[in-house]
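Undergrad: Sharing target.csv, CSV, N, CA and C atoms:
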```
chain,number,residue,atom,x,y,z
L,12,MET,N,0.8,-1.2,0.0
L,12,MET,CA,0.0,0.0,0.0
L,12,MET,C,0.9,1.2,0.0
L,13,LYS,N,0.5,2.2,-0.8
L,13,LYS,CA,1.3,3.4,-0.9
L,13,LYS,C,0.6,4.4,0.1
L,14,HIS,N,1.5,5.2,0.8
L,14,HIS,CA,1.1,6.2,1.8
L,14,HIS,C,1.3,7.5,1.2
L,15,LEU,N,0.2,8.3,0.9
L,15,LEU,CA,0.4,9.6,0.3
L,15,LEU,C,-0.2,10.7,1.2
L,16,THR,N,0.6,11.8,1.3
L,16,THR,CA,0.0,12.9,2.0
L,16,THR,C,-1.2,13.4,1.3
L,17,PRO,N,-2.0,14.2,1.9
L,17,PRO,CA,-3.2,14.8,1.1
L,17,PRO,C,-2.8,15.5,-0.2
L,18,THR,N,-1.7,16.3,-0.1
L,18,THR,CA,-1.3,17.0,-1.3
L,18,THR,C,-0.8,16.1,-2.3
L,19,GLN,N,0.0,15.1,-1.9
L,19,GLN,CA,0.5,14.1,-2.9
L,19,GLN,C,-0.7,13.3,-3.5
L,20,ALA,N,-1.6,13.0,-2.7
L,20,ALA,CA,-2.8,12.2,-3.1
L,20,ALA,C,-3.6,13.0,-4.2
L,21,TRP,N,-3.8,14.3,-3.9
L,21,TRP,CA,-4.6,15.1,-4.9
L,21,TRP,C,-3.8,15.2,-6.2
L,22,SER,N,-2.5,15.5,-6.1
L,22,SER,CA,-1.7,15.6,-7.3
L,22,SER,C,-1.7,14.3,-8.1
L,23,TRP,N,-1.5,13.2,-7.4
L,23,TRP,CA,-1.4,11.8,-8.0
L,23,TRP,C,-2.8,11.6,-8.7
L,24,LEU,N,-3.9,11.9,-8.0
L,24,LEU,CA,-5.2,11.6,-8.5
L,24,LEU,C,-5.4,12.4,-9.8
L,25,GLN,N,-5.1,13.6,-9.9
L,25,GLN,CA,-5.2,14.4,-11.1
L,25,GLN,C,-4.4,13.9,-12.2
L,26,ALA,N,-3.1,13.6,-11.9
L,26,ALA,CA,-2.2,13.1,-13.0
L,26,ALA,C,-2.7,11.7,-13.5
L,27,GLU,N,-3.1,10.8,-12.6
L,27,GLU,CA,-3.6,9.5,-13.0
L,27,GLU,C,-4.9,9.6,-13.8
L,28,ARG,N,-5.8,10.5,-13.4
L,28,ARG,CA,-7.0,10.6,-14.1
L,28,ARG,C,-6.7,11.0,-15.6
L,29,GLN,N,-5.8,12.0,-15.8
L,29,GLN,CA,-5.5,12.4,-17.1
L,29,GLN,C,-4.8,11.3,-17.9
L,30,ALA,N,-3.8,10.7,-17.3
L,30,ALA,CA,-3.1,9.6,-18.0
L,30,ALA,C,-4.0,8.5,-18.4
L,31,ARG,N,-4.8,8.0,-17.5
L,31,ARG,CA,-5.7,6.9,-17.8
L,31,ARG,C,-6.8,7.2,-18.8
L,32,GLU,N,-7.3,8.4,-18.7
L,32,GLU,CA,-8.3,8.8,-19.6
L,32,GLU,C,-7.8,8.9,-21.0
L,33,ALA,N,-6.5,9.4,-21.1
L,33,ALA,CA,-5.8,9.5,-22.4
L,33,ALA,C,-5.7,8.1,-23.1
L,34,ARG,N,-5.5,7.1,-22.2
L,34,ARG,CA,-5.3,5.7,-22.7
L,34,ARG,C,-6.7,5.0,-22.8
L,35,GLY,N,-7.8,5.6,-22.5
L,35,GLY,CA,-9.1,5.0,-22.6
L,35,GLY,C,-9.4,4.1,-21.4
L,36,GLU,N,-8.7,4.3,-20.3
L,36,GLU,CA,-8.9,3.5,-19.1
L,36,GLU,C,-9.7,4.2,-18.1
L,37,ALA,N,-10.3,3.5,-17.2
L,37,ALA,CA,-11.1,4.1,-16.1
L,37,ALA,C,-10.1,4.8,-15.2
L,38,PRO,N,-10.5,6.0,-14.7
L,38,PRO,CA,-9.7,6.7,-13.7
L,38,PRO,C,-9.6,6.0,-12.4
L,39,PRO,N,-8.6,6.4,-11.6
L,39,PRO,CA,-8.5,5.7,-10.2
L,39,PRO,C,-9.9,5.8,-9.5
L,40,LEU,N,-10.1,4.8,-8.7
L,40,LEU,CA,-11.3,4.8,-7.9
L,40,LEU,C,-10.9,5.5,-6.5
L,41,PHE,N,-11.6,6.6,-6.2
L,41,PHE,CA,-11.3,7.3,-5.0
L,41,PHE,C,-12.4,6.9,-4.0
L,42,VAL,N,-12.1,6.3,-2.9
L,42,VAL,CA,-13.0,5.7,-2.0
L,42,VAL,C,-12.9,6.4,-0.6
L,43,ASP,N,-14.1,6.9,-0.1
L,43,ASP,CA,-14.2,7.4,1.3
L,43,ASP,C,-14.7,6.2,2.1
L,44,VAL,N,-13.9,5.7,3.0
L,44,VAL,CA,-14.3,4.6,3.8
L,44,VAL,C,-15.1,4.9,5.1
L,45,ARG,N,-15.3,6.2,5.3
L,45,ARG,CA,-16.1,6.6,6.5
L,45,ARG,C,-17.6,6.3,6.3
L,46,MET,N,-18.3,6.3,7.5
L,46,MET,CA,-19.7,6.0,7.4
L,46,MET,C,-20.3,7.1,6.5
L,47,GLU,N,-21.4,6.8,5.9
L,47,GLU,CA,-22.1,7.7,5.0
L,47,GLU,C,-22.4,9.0,5.6
L,48,ILE,N,-22.9,9.0,6.8
L,48,ILE,CA,-23.3,10.2,7.5
L,48,ILE,C,-22.1,11.1,7.8
L,49,GLU,N,-20.9,10.5,8.1
L,49,GLU,CA,-19.7,11.3,8.3
L,49,GLU,C,-19.3,12.0,7.0
L,50,SER,N,-19.3,11.2,5.9
L,50,SER,CA,-18.9,11.7,4.6
L,50,SER,C,-19.8,12.9,4.2
L,51,LEU,N,-21.1,12.8,4.4
L,51,LEU,CA,-22.0,13.8,3.9
L,51,LEU,C,-22.0,15.0,4.8
L,52,TYR,N,-22.0,14.9,6.1
L,52,TYR,CA,-22.1,16.0,6.9
L,52,TYR,C,-20.8,16.7,7.3
L,53,VAL,N,-19.7,15.9,7.4
L,53,VAL,CA,-18.4,16.5,7.8
L,53,VAL,C,-17.8,17.1,6.5
L,54,GLY,N,-18.0,16.5,5.4
L,54,GLY,CA,-17.5,17.0,4.1
L,54,GLY,C,-16.6,15.9,3.5
L,55,ARG,N,-16.4,16.0,2.2
L,55,ARG,CA,-15.6,15.0,1.5
L,55,ARG,C,-15.0,15.6,0.2
L,56,PRO,N,-13.9,15.0,-0.3
L,56,PRO,CA,-13.4,15.5,-1.5
L,56,PRO,C,-14.3,15.3,-2.7
L,57,PRO,N,-14.3,16.1,-3.7
L,57,PRO,CA,-15.2,15.9,-4.8
L,57,PRO,C,-14.8,14.6,-5.6
L,58,GLY,N,-15.8,14.0,-6.1
L,58,GLY,CA,-15.6,12.8,-6.9
L,58,GLY,C,-15.3,11.5,-6.2
L,59,VAL,N,-15.4,11.6,-4.8
L,59,VAL,CA,-15.1,10.4,-4.0
L,59,VAL,C,-16.4,9.5,-4.0
L,60,GLU,N,-16.2,8.2,-4.0
L,60,GLU,CA,-17.3,7.2,-3.8
L,60,GLU,C,-17.3,6.8,-2.3
L,61,ASN,N,-18.4,6.8,-1.7
L,61,ASN,CA,-18.5,6.4,-0.3
L,61,ASN,C,-18.8,4.9,-0.2
L,62,ILE,N,-17.8,4.1,0.3
L,62,ILE,CA,-18.0,2.7,0.5
L,62,ILE,C,-17.4,2.5,2.0
L,63,PRO,N,-18.4,2.5,2.9
L,63,PRO,CA,-17.9,2.4,4.3
L,63,PRO,C,-17.2,1.2,4.7
L,64,TRP,N,-16.1,1.3,5.5
L,64,TRP,CA,-15.4,0.2,6.1
L,64,TRP,C,-16.3,-0.5,7.1
L,65,TYR,N,-17.1,0.3,7.9
L,65,TYR,CA,-18.1,-0.2,8.7
L,65,TYR,C,-19.2,0.9,8.8
L,66,GLU,N,-20.4,0.5,9.2
L,66,GLU,CA,-21.5,1.4,9.2
L,66,GLU,C,-22.3,1.2,10.5
L,67,TYR,N,-23.0,2.3,10.8
L,67,TYR,CA,-23.9,2.3,12.0
L,67,TYR,C,-25.1,1.3,11.7
L,68,PRO,N,-25.6,0.6,12.6
L,68,PRO,CA,-25.3,0.6,14.1
L,68,PRO,C,-24.3,-0.5,14.5
L,69,ASP,N,-23.9,-1.4,13.6
L,69,ASP,CA,-22.9,-2.4,14.0
L,69,ASP,C,-21.5,-1.9,14.3
L,70,LEU,N,-21.0,-1.0,13.5
L,70,LEU,CA,-19.7,-0.4,13.7
L,70,LEU,C,-18.6,-1.5,13.7
L,71,THR,N,-18.9,-2.6,13.0
L,71,THR,CA,-18.0,-3.7,12.9
L,71,THR,C,-17.5,-3.9,11.5
L,72,PRO,N,-16.2,-3.8,11.2
L,72,PRO,CA,-15.8,-4.1,9.8
L,72,PRO,C,-16.1,-5.5,9.4
L,73,ASP,N,-16.4,-5.6,8.1
L,73,ASP,CA,-16.5,-6.9,7.4
L,73,ASP,C,-15.6,-6.8,6.2
L,74,PRO,N,-14.3,-7.2,6.4
L,74,PRO,CA,-13.3,-7.0,5.3
L,74,PRO,C,-13.7,-7.6,4.0
L,75,ALA,N,-14.3,-8.8,4.0
L,75,ALA,CA,-14.7,-9.5,2.7
L,75,ALA,C,-15.8,-8.7,2.0
L,76,ARG,N,-16.8,-8.3,2.8
L,76,ARG,CA,-17.9,-7.5,2.2
L,76,ARG,C,-17.4,-6.2,1.6
L,77,PHE,N,-16.5,-5.5,2.4
L,77,PHE,CA,-15.9,-4.3,1.9
L,77,PHE,C,-15.2,-4.5,0.6
L,78,ALA,N,-14.4,-5.5,0.5
L,78,ALA,CA,-13.6,-5.8,-0.7
L,78,ALA,C,-14.5,-6.1,-1.9
L,79,ARG,N,-15.6,-6.8,-1.6
L,79,ARG,CA,-16.6,-7.1,-2.7
L,79,ARG,C,-17.2,-5.8,-3.2
L,80,MET,N,-17.6,-4.9,-2.3
L,80,MET,CA,-18.2,-3.7,-2.7
L,80,MET,C,-17.2,-2.8,-3.5
L,81,VAL,N,-16.0,-2.8,-3.1
L,81,VAL,CA,-15.0,-2.0,-3.9
L,81,VAL,C,-14.8,-2.6,-5.2
L,82,GLU,N,-14.7,-4.0,-5.3
L,82,GLU,CA,-14.5,-4.6,-6.5
L,82,GLU,C,-15.7,-4.4,-7.5
L,83,SER,N,-16.9,-4.4,-6.9
L,83,SER,CA,-18.1,-4.1,-7.7
L,83,SER,C,-18.0,-2.7,-8.3
L,84,GLU,N,-17.6,-1.7,-7.6
L,84,GLU,CA,-17.4,-0.4,-8.0
L,84,GLU,C,-16.3,-0.2,-9.0
L,85,ALA,N,-15.2,-0.9,-8.7
L,85,ALA,CA,-13.9,-0.7,-9.5
L,85,ALA,C,-14.0,-1.5,-10.8
L,86,GLY,N,-14.7,-2.6,-10.8
L,86,GLY,CA,-14.8,-3.4,-12.0
L,86,GLY,C,-13.6,-4.3,-12.3
L,87,ASP,N,-12.5,-4.0,-11.6
L,87,ASP,CA,-11.2,-4.7,-11.9
L,87,ASP,C,-10.3,-4.5,-10.7
L,88,LYS,N,-9.7,-5.5,-10.2
L,88,LYS,CA,-8.8,-5.4,-9.0
L,88,LYS,C,-7.5,-4.8,-9.4
L,89,ALA,N,-7.2,-4.6,-10.6
L,89,ALA,CA,-6.0,-3.9,-11.1
L,89,ALA,C,-6.2,-2.4,-11.1
L,90,ARG,N,-7.4,-1.9,-11.1
L,90,ARG,CA,-7.7,-0.5,-11.2
L,90,ARG,C,-7.1,0.2,-9.9
L,91,PRO,N,-6.4,1.3,-10.0
L,91,PRO,CA,-5.9,2.0,-8.8
L,91,PRO,C,-7.0,2.4,-7.9
L,92,VAL,N,-6.8,2.2,-6.6
L,92,VAL,CA,-7.8,2.6,-5.6
L,92,VAL,C,-7.1,3.5,-4.6
L,93,LEU,N,-7.7,4.7,-4.3
L,93,LEU,CA,-7.2,5.6,-3.3
L,93,LEU,C,-8.2,5.7,-2.2
L,94,LEU,N,-7.8,5.5,-1.0
L,94,LEU,CA,-8.7,5.4,0.2
L,94,LEU,C,-8.5,6.7,1.0
L,95,ILE,N,-9.6,7.2,1.6
L,95,ILE,CA,-9.5,8.3,2.6
L,95,ILE,C,-10.5,8.0,3.7
L,96,CYS,N,-10.2,8.4,4.9
L,96,CYS,CA,-11.1,8.3,6.0
L,96,CYS,C,-10.9,9.6,6.8
L,97,ARG,N,-11.3,9.6,8.1
L,97,ARG,CA,-11.2,10.8,8.9
L,97,ARG,C,-9.7,11.2,9.2
L,98,SER,N,-8.9,10.2,9.7
L,98,SER,CA,-7.6,10.5,10.2
L,98,SER,C,-6.5,9.6,9.6
L,99,GLY,N,-6.8,8.7,8.7
L,99,GLY,CA,-5.9,7.9,8.0
L,99,GLY,C,-5.7,6.5,8.7
L,100,LYS,N,-6.5,6.2,9.7
L,100,LYS,CA,-6.3,5.0,10.5
L,100,LYS,C,-7.2,3.9,9.9
L,101,ARG,N,-8.5,4.1,9.6
L,101,ARG,CA,-9.3,3.1,9.0
L,101,ARG,C,-8.8,2.7,7.6
L,102,THR,N,-8.2,3.6,6.9
L,102,THR,CA,-7.8,3.3,5.6
L,102,THR,C,-6.6,2.3,5.6
L,103,LEU,N,-5.9,2.2,6.7
L,103,LEU,CA,-4.8,1.2,6.8
L,103,LEU,C,-5.4,-0.2,6.8
L,104,ASP,N,-6.4,-0.4,7.6
L,104,ASP,CA,-7.1,-1.7,7.7
L,104,ASP,C,-7.8,-2.0,6.4
L,105,ALA,N,-8.5,-1.0,5.9
L,105,ALA,CA,-9.3,-1.2,4.6
L,105,ALA,C,-8.4,-1.5,3.5
L,106,GLY,N,-7.2,-0.8,3.4
L,106,GLY,CA,-6.3,-1.1,2.3
L,106,GLY,C,-5.7,-2.5,2.5
L,107,THR,N,-5.4,-2.9,3.7
L,107,THR,CA,-4.8,-4.2,3.9
L,107,THR,C,-5.8,-5.3,3.5
L,108,ALA,N,-7.1,-5.1,3.8
L,108,ALA,CA,-8.2,-6.0,3.3
L,108,ALA,C,-8.2,-6.1,1.8
L,109,LEU,N,-8.1,-4.9,1.1
L,109,LEU,CA,-8.2,-4.9,-0.3
L,109,LEU,C,-7.0,-5.7,-0.9
L,110,GLU,N,-5.8,-5.5,-0.4
L,110,GLU,CA,-4.6,-6.2,-0.8
L,110,GLU,C,-4.8,-7.7,-0.6
L,111,ALA,N,-5.3,-8.1,0.5
L,111,ALA,CA,-5.5,-9.5,0.8
L,111,ALA,C,-6.5,-10.1,-0.1
L,112,ALA,N,-7.4,-9.3,-0.6
L,112,ALA,CA,-8.5,-9.7,-1.6
L,112,ALA,C,-8.0,-9.7,-3.0
L,113,GLY,N,-6.7,-9.3,-3.3
L,113,GLY,CA,-6.1,-9.3,-4.6
L,113,GLY,C,-6.0,-8.0,-5.3
L,114,PHE,N,-6.4,-6.9,-4.7
L,114,PHE,CA,-6.2,-5.6,-5.3
L,114,PHE,C,-4.7,-5.3,-5.4
L,115,THR,N,-4.2,-4.8,-6.6
L,115,THR,CA,-2.8,-4.7,-6.8
L,115,THR,C,-2.3,-3.3,-6.7
L,116,ASP,N,-3.1,-2.2,-6.7
L,116,ASP,CA,-2.7,-0.9,-6.7
L,116,ASP,C,-3.5,0.0,-5.7
L,117,VAL,N,-3.2,-0.1,-4.4
L,117,VAL,CA,-3.9,0.5,-3.3
L,117,VAL,C,-3.1,1.6,-2.7
L,118,SER,N,-3.7,2.7,-2.5
L,118,SER,CA,-3.0,3.9,-1.8
L,118,SER,C,-4.0,4.4,-0.8
L,119,HIS,N,-3.4,5.1,0.2
L,119,HIS,CA,-4.3,5.7,1.2
L,119,HIS,C,-3.8,7.1,1.5
L,120,VAL,N,-4.7,8.0,2.0
L,120,VAL,CA,-4.3,9.4,2.3
L,120,VAL,C,-3.9,9.4,3.8
L,121,VAL,N,-2.6,9.6,4.0
L,121,VAL,CA,-2.1,9.8,5.4
L,121,VAL,C,-2.8,11.0,6.1
L,122,ASN,N,-3.2,10.8,7.3
L,122,ASN,CA,-3.9,11.8,8.1
L,122,ASN,C,-5.3,12.1,7.6
L,123,GLY,N,-5.8,11.4,6.6
L,123,GLY,CA,-7.2,11.5,6.2
L,123,GLY,C,-7.7,12.9,5.9
L,124,PHE,N,-9.0,13.0,6.0
L,124,PHE,CA,-9.8,14.2,5.6
L,124,PHE,C,-9.6,15.2,6.7
L,125,GLU,N,-9.7,14.8,8.0
L,125,GLU,CA,-9.7,15.8,9.1
L,125,GLU,C,-8.4,15.9,9.8
L,126,GLY,N,-7.5,14.9,9.7
L,126,GLY,CA,-6.2,14.9,10.4
L,126,GLY,C,-6.3,14.5,11.8
L,127,GLU,N,-5.1,14.7,12.4
L,127,GLU,CA,-5.0,14.3,13.8
L,127,GLU,C,-5.6,15.4,14.8
L,128,LEU,N,-5.8,15.0,16.0
L,128,LEU,CA,-6.3,15.9,17.0
L,128,LEU,C,-5.1,16.8,17.4
L,129,ASN,N,-5.5,18.1,17.7
L,129,ASN,CA,-4.5,19.0,18.3
L,129,ASN,C,-4.6,18.9,19.8
L,130,GLU,N,-3.9,19.7,20.5
L,130,GLU,CA,-3.8,19.7,22.0
L,130,GLU,C,-5.2,20.0,22.6
L,131,HIS,N,-6.1,20.6,21.9
L,131,HIS,CA,-7.5,20.9,22.4
L,131,HIS,C,-8.5,19.9,21.9
L,132,PHE,N,-8.0,18.8,21.3
L,132,PHE,CA,-8.9,17.7,20.8
L,132,PHE,C,-9.7,18.1,19.6
L,133,LYS,N,-9.2,19.0,18.8
L,133,LYS,CA,-9.9,19.5,17.6
L,133,LYS,C,-9.1,19.0,16.4
L,134,ARG,N,-9.9,18.6,15.3
L,134,ARG,CA,-9.3,18.2,14.1
L,134,ARG,C,-9.3,19.3,13.0
L,135,SER,N,-8.7,19.0,11.9
L,135,SER,CA,-8.5,20.0,10.8
L,135,SER,C,-7.7,21.2,11.2
L,136,SER,N,-6.8,21.1,12.2
L,136,SER,CA,-6.0,22.2,12.6
L,136,SER,C,-4.5,21.8,12.7
L,137,VAL,N,-4.2,20.5,12.4
L,137,VAL,CA,-2.8,20.1,12.4
L,137,VAL,C,-2.4,19.6,11.0
L,138,ASN,N,-3.2,18.8,10.4
L,138,ASN,CA,-2.9,18.2,9.1
L,138,ASN,C,-4.2,17.6,8.6
L,139,GLY,N,-4.1,17.0,7.4
L,139,GLY,CA,-5.3,16.4,6.8
L,139,GLY,C,-5.7,17.1,5.5
L,140,TRP,N,-6.6,16.6,4.8
L,140,TRP,CA,-7.1,17.1,3.5
L,140,TRP,C,-7.6,18.5,3.7
L,141,ARG,N,-8.5,18.8,4.6
L,141,ARG,CA,-9.1,20.1,4.8
L,141,ARG,C,-8.0,21.1,5.2
L,142,PHE,N,-7.2,20.7,6.1
L,142,PHE,CA,-6.1,21.6,6.6
L,142,PHE,C,-5.2,22.0,5.5
L,143,GLU,N,-4.9,21.1,4.5
L,143,GLU,CA,-4.1,21.4,3.4
L,143,GLU,C,-4.8,22.3,2.4
L,144,GLY,N,-6.1,22.6,2.6
L,144,GLY,CA,-6.8,23.5,1.7
L,144,GLY,C,-7.1,22.9,0.3
L,145,LEU,N,-7.3,21.6,0.3
L,145,LEU,CA,-7.6,20.9,-0.9
L,145,LEU,C,-9.1,20.9,-1.1
L,146,PRO,N,-9.6,20.7,-2.4
L,146,PRO,CA,-11.0,20.8,-2.6
L,146,PRO,C,-11.9,19.9,-1.8
L,147,TRP,N,-13.0,20.4,-1.4
L,147,TRP,CA,-13.9,19.5,-0.7
L,147,TRP,C,-15.3,20.1,-0.7
L,148,GLU,N,-16.3,19.3,-0.5
L,148,GLU,CA,-17.7,19.7,-0.5
L,148,GLU,C,-18.4,19.2,0.7
L,149,GLN,N,-19.5,19.8,1.0
L,149,GLN,CA,-20.3,19.4,2.2
L,149,GLN,C,-21.8,19.5,1.9
L,150,MET,N,-22.5,18.5,2.5
L,150,MET,CA,-24.0,18.5,2.2
L,150,MET,C,-24.6,19.7,2.9
```
Using the file provided, produce a representation of the structure as structure tokens.

TA:
Amino acid sequence: MKHLTPTQAWSWLQAERQAREARGEAPPLFVDVRMEIESLYVGRPPGVENIPWYEYPDLTPDPARFARMVESEAGDKARPVLLICRSGKRTLDAGTALEAAGFTDVSHVVNGFEGELNEHFKRSSVNGWRFEGLPWEQM
């Protein structure tokens, strides 16, 4: 699994989209592994697909189910997949599950969308997608 900072991930995503589209290939699949409610209300990068690593009320990951859902969306386990979550922790487990299921090009966004907590237990103030000023949208 490749570990990309938010800025590296955004640059890679743009370059890969252009290169793959020029070759007539599907662009990388950008997956938000947070619960749907998190993704919608906290905000998310544009063009991301929400495929939760776990969902309310169970809050229990099902790695095989997750891999099947990503494969269904990707169409091919060789298609590049970029994962993002809140802080970059869930994506490590989700990425490991994808690799175990046979995905060959998995990356994740280090520090995720909101980043680590600061000394006052606030996010988006130390690092992460929003902190870096990258594009995002909110419901």

Undergrad: Within segment 19-107 of chain L, find each residue whose DSSP state, derived from the backbone, is strand (DSSP E or B), and express the selection as an NGL selection string.

TA: :L and (40-43 or 55 or 60-61 or 92-95)

Undergrad: Write out as an NGL selection string which residues come within 6.5 Å of segment 102-115 of chain L when counting all atoms listed in the file, dropping same-chain ones fewer than 3 positions away.

TA: :L and (64 or 74 or 78 or 88-90 or 94-96 or 99 or 119)

Undergrad: Using all atoms listed in the file, which of the listed residues (L:Trp140, L:Trp147, L:Phe77, L:Phe132) sits closest to Pro17 of chain L?

TA: L:Trp140

Undergrad: Which residues are near Glu66 of chain L? Cut-off 6 Å, all atoms listed in the file, ignore same chain within fewer than 4 positions. Put them as an NGL selection string.

TA: :L and (46 or 70-71)

Undergrad: Rank nothing, just name the residue among L:Lys100, L:Lys133, L:Val53, L:Pro91 nearest to Asp116 of chain L, using only N, CA and C atoms.

TA: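 Of the candidates, the smallest distance to Asp116 of chain L is held by L:Pro91.
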
Undergrad: Kindly give the distance, in Å, that separates atom C of Ala20 of chain L and atom C of Phe124 of chain L, rounded to a single decimal.

TA: 12.6 Å

Undergrad: Just the number, please: distance in Å from atom C of Arg97 of chain L to atom C of Arg76 of chain L, one decimal.

TA: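 Those two atoms sit 20.5 Å apart.
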
Undergrad: Can you measure atom CA of Val121 of chain L to atom N of Glu143 of chain L for me? One decimal in Å is fine.

TA: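 Rounded to one decimal, the two atoms are 11.7 Å apart.
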
Undergrad: Please report, as a PyMOL selection string, each residue of segment 67-126 of chain L to which DSSP assigns helix (DSSP H, G or I) when run on this structure's backbone.

TA: chain L and resi 74-85+101-111

Undergrad: All heavy atoms are what I want for segment 49-56 of chain L; can you complete it accordingly and write them as a PDB file, keeping the file's coordinate frame?

TA:
```pdb
ATOM      1  N   GLU L  49     -20.900  10.500   8.100  1.00  0.00           N
ATOM      2  CA  GLU L  49     -19.700  11.300   8.300  1.00  0.00           C
ATOM      3  C   GLU L  49     -19.300  12.000   7.000  1.00  0.00           C
ATOM      4  O   GLU L  49     -18.975  13.172   6.978  1.00  0.00           O
ATOM      5  CB  GLU L  49     -18.515  10.344   8.615  1.00  0.00           C
ATOM      6  CG  GLU L  49     -18.343   9.926  10.024  1.00  0.00           C
ATOM      7  CD  GLU L  49     -17.104   9.056  10.153  1.00  0.00           C
ATOM      8  OE1 GLU L  49     -17.195   7.863   9.835  1.00  0.00           O
ATOM      9  OE2 GLU L  49     -16.047   9.586  10.564  1.00  0.00           O
ATOM     10  N   SER L  50     -19.300  11.200   5.900  1.00  0.00           N
ATOM     11  CA  SER L  50     -18.900  11.700   4.600  1.00  0.00           C
ATOM     12  C   SER L  50     -19.800  12.900   4.200  1.00  0.00           C
ATOM     13  O   SER L  50     -19.331  13.917   3.683  1.00  0.00           O
ATOM     14  CB  SER L  50     -18.949  10.609   3.601  1.00  0.00           C
ATOM     15  OG  SER L  50     -18.530  11.040   2.340  1.00  0.00           O
ATOM     16  N   LEU L  51     -21.100  12.800   4.400  1.00  0.00           N
ATOM     17  CA  LEU L  51     -22.000  13.800   3.900  1.00  0.00           C
ATOM     18  C   LEU L  51     -22.000  15.000   4.800  1.00  0.00           C
ATOM     19  O   LEU L  51     -21.977  16.147   4.230  1.00  0.00           O
ATOM     20  CB  LEU L  51     -23.474  13.226   3.930  1.00  0.00           C
ATOM     21  CG  LEU L  51     -23.792  12.155   2.902  1.00  0.00           C
ATOM     22  CD1 LEU L  51     -25.192  11.591   3.145  1.00  0.00           C
ATOM     23  CD2 LEU L  51     -23.675  12.702   1.488  1.00  0.00           C
ATOM     24  N   TYR L  52     -22.000  14.900   6.100  1.00  0.00           N
ATOM     25  CA  TYR L  52     -22.100  16.000   6.900  1.00  0.00           C
ATOM     26  C   TYR L  52     -20.800  16.700   7.300  1.00  0.00           C
ATOM     27  O   TYR L  52     -20.756  17.911   7.548  1.00  0.00           O
ATOM     28  CB  TYR L  52     -22.923  15.694   8.191  1.00  0.00           C
ATOM     29  CG  TYR L  52     -24.387  15.535   7.852  1.00  0.00           C
ATOM     30  CD1 TYR L  52     -24.944  14.280   7.705  1.00  0.00           C
ATOM     31  CD2 TYR L  52     -25.193  16.642   7.628  1.00  0.00           C
ATOM     32  CE1 TYR L  52     -26.285  14.119   7.365  1.00  0.00           C
ATOM     33  CE2 TYR L  52     -26.517  16.504   7.280  1.00  0.00           C
ATOM     34  CZ  TYR L  52     -27.068  15.236   7.157  1.00  0.00           C
ATOM     35  OH  TYR L  52     -28.379  15.102   6.803  1.00  0.00           O
ATOM     36  N   VAL L  53     -19.700  15.900   7.400  1.00  0.00           N
ATOM     37  CA  VAL L  53     -18.400  16.500   7.800  1.00  0.00           C
ATOM     38  C   VAL L  53     -17.800  17.100   6.500  1.00  0.00           C
ATOM     39  O   VAL L  53     -17.120  18.149   6.598  1.00  0.00           O
ATOM     40  CB  VAL L  53     -17.502  15.487   8.428  1.00  0.00           C
ATOM     41  CG1 VAL L  53     -16.110  16.051   8.673  1.00  0.00           C
ATOM     42  CG2 VAL L  53     -18.105  14.991   9.735  1.00  0.00           C
ATOM     43  N   GLY L  54     -18.000  16.500   5.400  1.00  0.00           N
ATOM     44  CA  GLY L  54     -17.500  17.000   4.100  1.00  0.00           C
ATOM     45  C   GLY L  54     -16.600  15.900   3.500  1.00  0.00           C
ATOM     46  O   GLY L  54     -16.213  14.920   4.208  1.00  0.00           O
ATOM     47  N   ARG L  55     -16.400  16.000   2.200  1.00  0.00           N
ATOM     48  CA  ARG L  55     -15.600  15.000   1.500  1.00  0.00           C
ATOM     49  C   ARG L  55     -15.000  15.600   0.200  1.00  0.00           C
ATOM     50  O   ARG L  55     -15.484  16.622  -0.261  1.00  0.00           O
ATOM     51  CB  ARG L  55     -16.423  13.815   1.172  1.00  0.00           C
ATOM     52  CG  ARG L  55     -17.615  14.138   0.287  1.00  0.00           C
ATOM     53  CD  ARG L  55     -18.470  12.919   0.140  1.00  0.00           C
ATOM     54  NE  ARG L  55     -19.646  13.199  -0.668  1.00  0.00           N
ATOM     55  CZ  ARG L  55     -20.632  12.356  -0.815  1.00  0.00           C
ATOM     56  NH1 ARG L  55     -20.592  11.178  -0.231  1.00  0.00           N
ATOM     57  NH2 ARG L  55     -21.673  12.659  -1.551  1.00  0.00           N
ATOM     58  N   PRO L  56     -13.900  15.000  -0.300  1.00  0.00           N
ATOM     59  CA  PRO L  56     -13.400  15.500  -1.500  1.00  0.00           C
ATOM     60  C   PRO L  56     -14.300  15.300  -2.700  1.00  0.00           C
ATOM     61  O   PRO L  56     -15.160  14.355  -2.644  1.00  0.00           O
ATOM     62  CB  PRO L  56     -12.131  14.597  -1.725  1.00  0.00           C
ATOM     63  CG  PRO L  56     -11.812  14.045  -0.379  1.00  0.00           C
ATOM     64  CD  PRO L  56     -13.134  13.917   0.312  1.00  0.00           C
TER      65      PRO L  56
END
```
